[in-house]
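K.L.:
Just dropping this structure here.
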Amino acid sequence: MTSEVDEFLAEMLPRQLAAERALHEGDAQPRMETWSHSGPVTLFGASMPMRSGWGDVSQAFHTVASWFSDLRDYRFEVMAAGASGGLAYTIGFEHSTVSVNGKPMAYTLRVTHVYRREQGAWKIVHRHGDYPPKDPY
């Protein structure tokens with residue numbers, strides 16, 4: 001028997017991963033389709049200030065997509081996930097090898113997503129991404 005979390009991940013992750021790969025190739029549209037267009041929606045990006053509301057969030061997606069090209073690798077390593085009723089979350093690491101503003105680089109972000117079920121489909125309503133702290137030891 002599959003759990004609610006397994007069903008959520010099976011439905012959402014393939015769409016989300018495809019959208020993130022497209023974003024890293026410069027195309028924001030697939031990411032925009034995985035997000036809710038109704039409030040509240042929030043974005044705490046790794047390289048920009050907090051954005052709130054669909055207008056600000058969608059503008060940020062276009063800006064971020066313009067930075068990326070030449071995707072060589074993108075992986076989302078899910079560390080934890082949960083789903084209950086109409087809400088879900090994922091926590092993990094995004095590993096990317098891509099050109100940023102024309103400069104090849106590899107980096108890892110730790111990310112948290114919050115999802116809401118809208119009209120039968122999961123939509124992202126919050127993303128927080130940042131660089132993992134350096135190991136202090």
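Here's how to read the names in the structure tokens: chain A, B, ... by the order shown, residue numbers from 1 in each chain, ligand numbers from 1 in the order shown.
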Identify, on the basis of only C-alpha atoms, every residue whose closest approach to His128 in chain A does not exceed 6 Å; exclude the query and any residue fewer than 2 positions from it along the same chain; express the result as a ChimeraX atom specification.

P.N.:
/A:44-45,111-112

K.L.:
Restrict the selected residues to N, CA and C atoms and save them as a PDB file, in the first residue's frame.

P.N.:
```
ATOM      1  N   PHE A  44      12.213  32.648  -0.829  1.00  0.00           N
ATOM      2  CA  PHE A  44      13.455  33.074  -0.193  1.00  0.00           C
ATOM      3  C   PHE A  44      14.582  32.490  -1.025  1.00  0.00           C
ATOM      4  N   GLY A  45      15.000  33.215  -2.054  1.00  0.00           N
ATOM      5  CA  GLY A  45      16.025  32.725  -2.958  1.00  0.00           C
ATOM      6  C   GLY A  45      17.417  32.834  -2.366  1.00  0.00           C
ATOM      7  N   VAL A 111      17.403  23.215   0.207  1.00  0.00           N
ATOM      8  CA  VAL A 111      16.119  23.807  -0.158  1.00  0.00           C
ATOM      9  C   VAL A 111      14.975  23.184   0.632  1.00  0.00           C
ATOM     10  N   THR A 112      14.005  24.024   0.903  1.00  0.00           N
ATOM     11  CA  THR A 112      12.748  23.603   1.509  1.00  0.00           C
ATOM     12  C   THR A 112      11.626  24.105   0.610  1.00  0.00           C
TER      13      THR A 112
END
```

K.L.:
Env of range 2-17 of chain A: 7 Å cut, atoms = only C-alpha atoms, seq-sep filter 3 positions within chain, self excluded. Answer as an MDAnalysis selection string.

P.N.:
chainID A and resid 20:21 34 81:84 122

K.L.:
Pick the closest to Arg72 in chain A from A:Ile124, A:Val57, A:Met105, A:Met50: which is it, counting only C-alpha atoms?

P.N.:
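Under the stated criterion, the closest residue is A:Met105.
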
K.L.:
One decimal, in Å: what's the spacing between CA of Arg75 in chain A and CA of Ala28 in chain A?

P.N.:
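Distance reported for this atom pair: 17.5 Å.
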
K.L.:
Set the distance at 10 Å and use only C-alpha atoms: which residues neighbour Gly86 in chain A once local chain neighbours fewer than 2 positions away are removed? I'd like the list as a list in words.

P.N.:
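The filter keeps Ala83, Ser84, Ala88, Tyr115, Arg116, Arg117, Glu118, Gly120, Ala121 and Trp122 of chain A.
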
K.L.:
Using only N, CA and C atoms, please write the residues we just selected to a file, as a PDB file, in the first residue's frame.

P.N.:
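This went into part.pdb:
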```pdb
ATOM      1  N   ALA A  83       3.358  14.690   3.687  1.00  0.00           N
ATOM      2  CA  ALA A  83       2.114  15.114   3.039  1.00  0.00           C
ATOM      3  C   ALA A  83       0.956  14.697   3.925  1.00  0.00           C
ATOM      4  N   SER A  84       0.012  15.609   4.058  1.00  0.00           N
ATOM      5  CA  SER A  84      -1.183  15.325   4.835  1.00  0.00           C
ATOM      6  C   SER A  84      -2.306  16.212   4.321  1.00  0.00           C
ATOM      7  N   ALA A  88       1.918  19.715   1.850  1.00  0.00           N
ATOM      8  CA  ALA A  88       3.073  18.811   1.791  1.00  0.00           C
ATOM      9  C   ALA A  88       4.345  19.647   1.842  1.00  0.00           C
ATOM     10  N   TYR A 115       4.072  22.831  -0.373  1.00  0.00           N
ATOM     11  CA  TYR A 115       3.142  22.589  -1.463  1.00  0.00           C
ATOM     12  C   TYR A 115       1.709  22.639  -0.932  1.00  0.00           C
ATOM     13  N   ARG A 116       0.800  23.047  -1.818  1.00  0.00           N
ATOM     14  CA  ARG A 116      -0.621  23.057  -1.489  1.00  0.00           C
ATOM     15  C   ARG A 116      -1.368  22.392  -2.647  1.00  0.00           C
ATOM     16  N   ARG A 117      -2.337  21.557  -2.305  1.00  0.00           N
ATOM     17  CA  ARG A 117      -3.149  20.927  -3.353  1.00  0.00           C
ATOM     18  C   ARG A 117      -4.215  21.929  -3.784  1.00  0.00           C
ATOM     19  N   GLU A 118      -4.243  22.208  -5.084  1.00  0.00           N
ATOM     20  CA  GLU A 118      -5.208  23.137  -5.663  1.00  0.00           C
ATOM     21  C   GLU A 118      -5.895  22.464  -6.839  1.00  0.00           C
ATOM     22  N   GLY A 120      -7.015  19.612  -7.256  1.00  0.00           N
ATOM     23  CA  GLY A 120      -6.538  18.257  -7.492  1.00  0.00           C
ATOM     24  C   GLY A 120      -5.074  18.111  -7.858  1.00  0.00           C
ATOM     25  N   ALA A 121      -4.348  19.214  -7.965  1.00  0.00           N
ATOM     26  CA  ALA A 121      -2.924  19.140  -8.348  1.00  0.00           C
ATOM     27  C   ALA A 121      -2.070  19.818  -7.282  1.00  0.00           C
ATOM     28  N   TRP A 122      -0.885  19.273  -7.050  1.00  0.00           N
ATOM     29  CA  TRP A 122       0.056  19.886  -6.113  1.00  0.00           C
ATOM     30  C   TRP A 122       0.714  21.090  -6.757  1.00  0.00           C
TER      31      TRP A 122
END
```

K.L.:
May I ask for the distance between CA of Ile91 in chain A and CA of Leu109 in chain A, given in Å to one decimal place?

P.N.:
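Computed distance, CA of Ile91 in chain A to CA of Leu109 in chain A, equals 10.8 Å.
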
K.L.:
If you run DSSP over the backbone, which residues in range 22-97 of chain A end up helix (DSSP H, G or I)? Put them as a PDB file with C-alpha atoms, in the first residue's frame.

P.N.:
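File written: part39.pdb
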```
ATOM      1  CA  ALA A  22      14.284  23.795 -17.794  1.00  0.00           C
ATOM      2  CA  LEU A  23      14.986  26.748 -15.482  1.00  0.00           C
ATOM      3  CA  GLN A  29       7.797  28.714 -17.872  1.00  0.00           C
ATOM      4  CA  PRO A  30       7.807  25.096 -16.617  1.00  0.00           C
ATOM      5  CA  ARG A  31       8.725  26.274 -13.096  1.00  0.00           C
ATOM      6  CA  MET A  32       5.902  28.800 -13.196  1.00  0.00           C
ATOM      7  CA  GLU A  33       3.482  25.971 -14.029  1.00  0.00           C
ATOM      8  CA  THR A  34       4.481  24.042 -10.883  1.00  0.00           C
ATOM      9  CA  TRP A  54       2.685  35.844  -7.547  1.00  0.00           C
ATOM     10  CA  GLY A  55       3.736  39.017  -9.427  1.00  0.00           C
ATOM     11  CA  ASP A  56       7.029  39.349  -7.539  1.00  0.00           C
ATOM     12  CA  VAL A  57       7.708  35.612  -7.450  1.00  0.00           C
ATOM     13  CA  SER A  58       7.095  35.071 -11.171  1.00  0.00           C
ATOM     14  CA  GLN A  59       9.313  38.064 -12.023  1.00  0.00           C
ATOM     15  CA  ALA A  60      12.080  36.513  -9.902  1.00  0.00           C
ATOM     16  CA  PHE A  61      11.773  33.246 -11.863  1.00  0.00           C
ATOM     17  CA  HIS A  62      12.365  35.069 -15.149  1.00  0.00           C
ATOM     18  CA  THR A  63      15.367  36.861 -13.654  1.00  0.00           C
ATOM     19  CA  VAL A  64      16.893  33.640 -12.311  1.00  0.00           C
ATOM     20  CA  ALA A  65      16.294  31.783 -15.591  1.00  0.00           C
ATOM     21  CA  SER A  66      18.180  34.533 -17.445  1.00  0.00           C
ATOM     22  CA  TRP A  67      21.288  33.746 -15.396  1.00  0.00           C
TER      23      TRP A  67
END
```

K.L.:
Would you list the contacts of Met79 in chain A as a list in words, taking every protein, DNA or RNA residue within 9 Å and counting only C-alpha atoms, but skipping same-chain residues closer than 6 positions in sequence?

P.N.:
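Contacts, in chain order: Thr90, Ile91, Gly92 and Phe93 of chain A.
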
K.L.:
Mind listing the strand (DSSP E) residues of chain A, per DSSP on the backbone, as a PyMOL selection string?

P.N.:
chain A and resi 42-44+51-52+68-84+87-100+103-118+121-130

K.L.:
Please indicate the distance in Å from CA of Lys123 in chain A to CA of Tyr89 in chain A, rounded to one decimal place.

P.N.:
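Going from CA of Lys123 in chain A over to CA of Tyr89 in chain A covers 10.7 Å.
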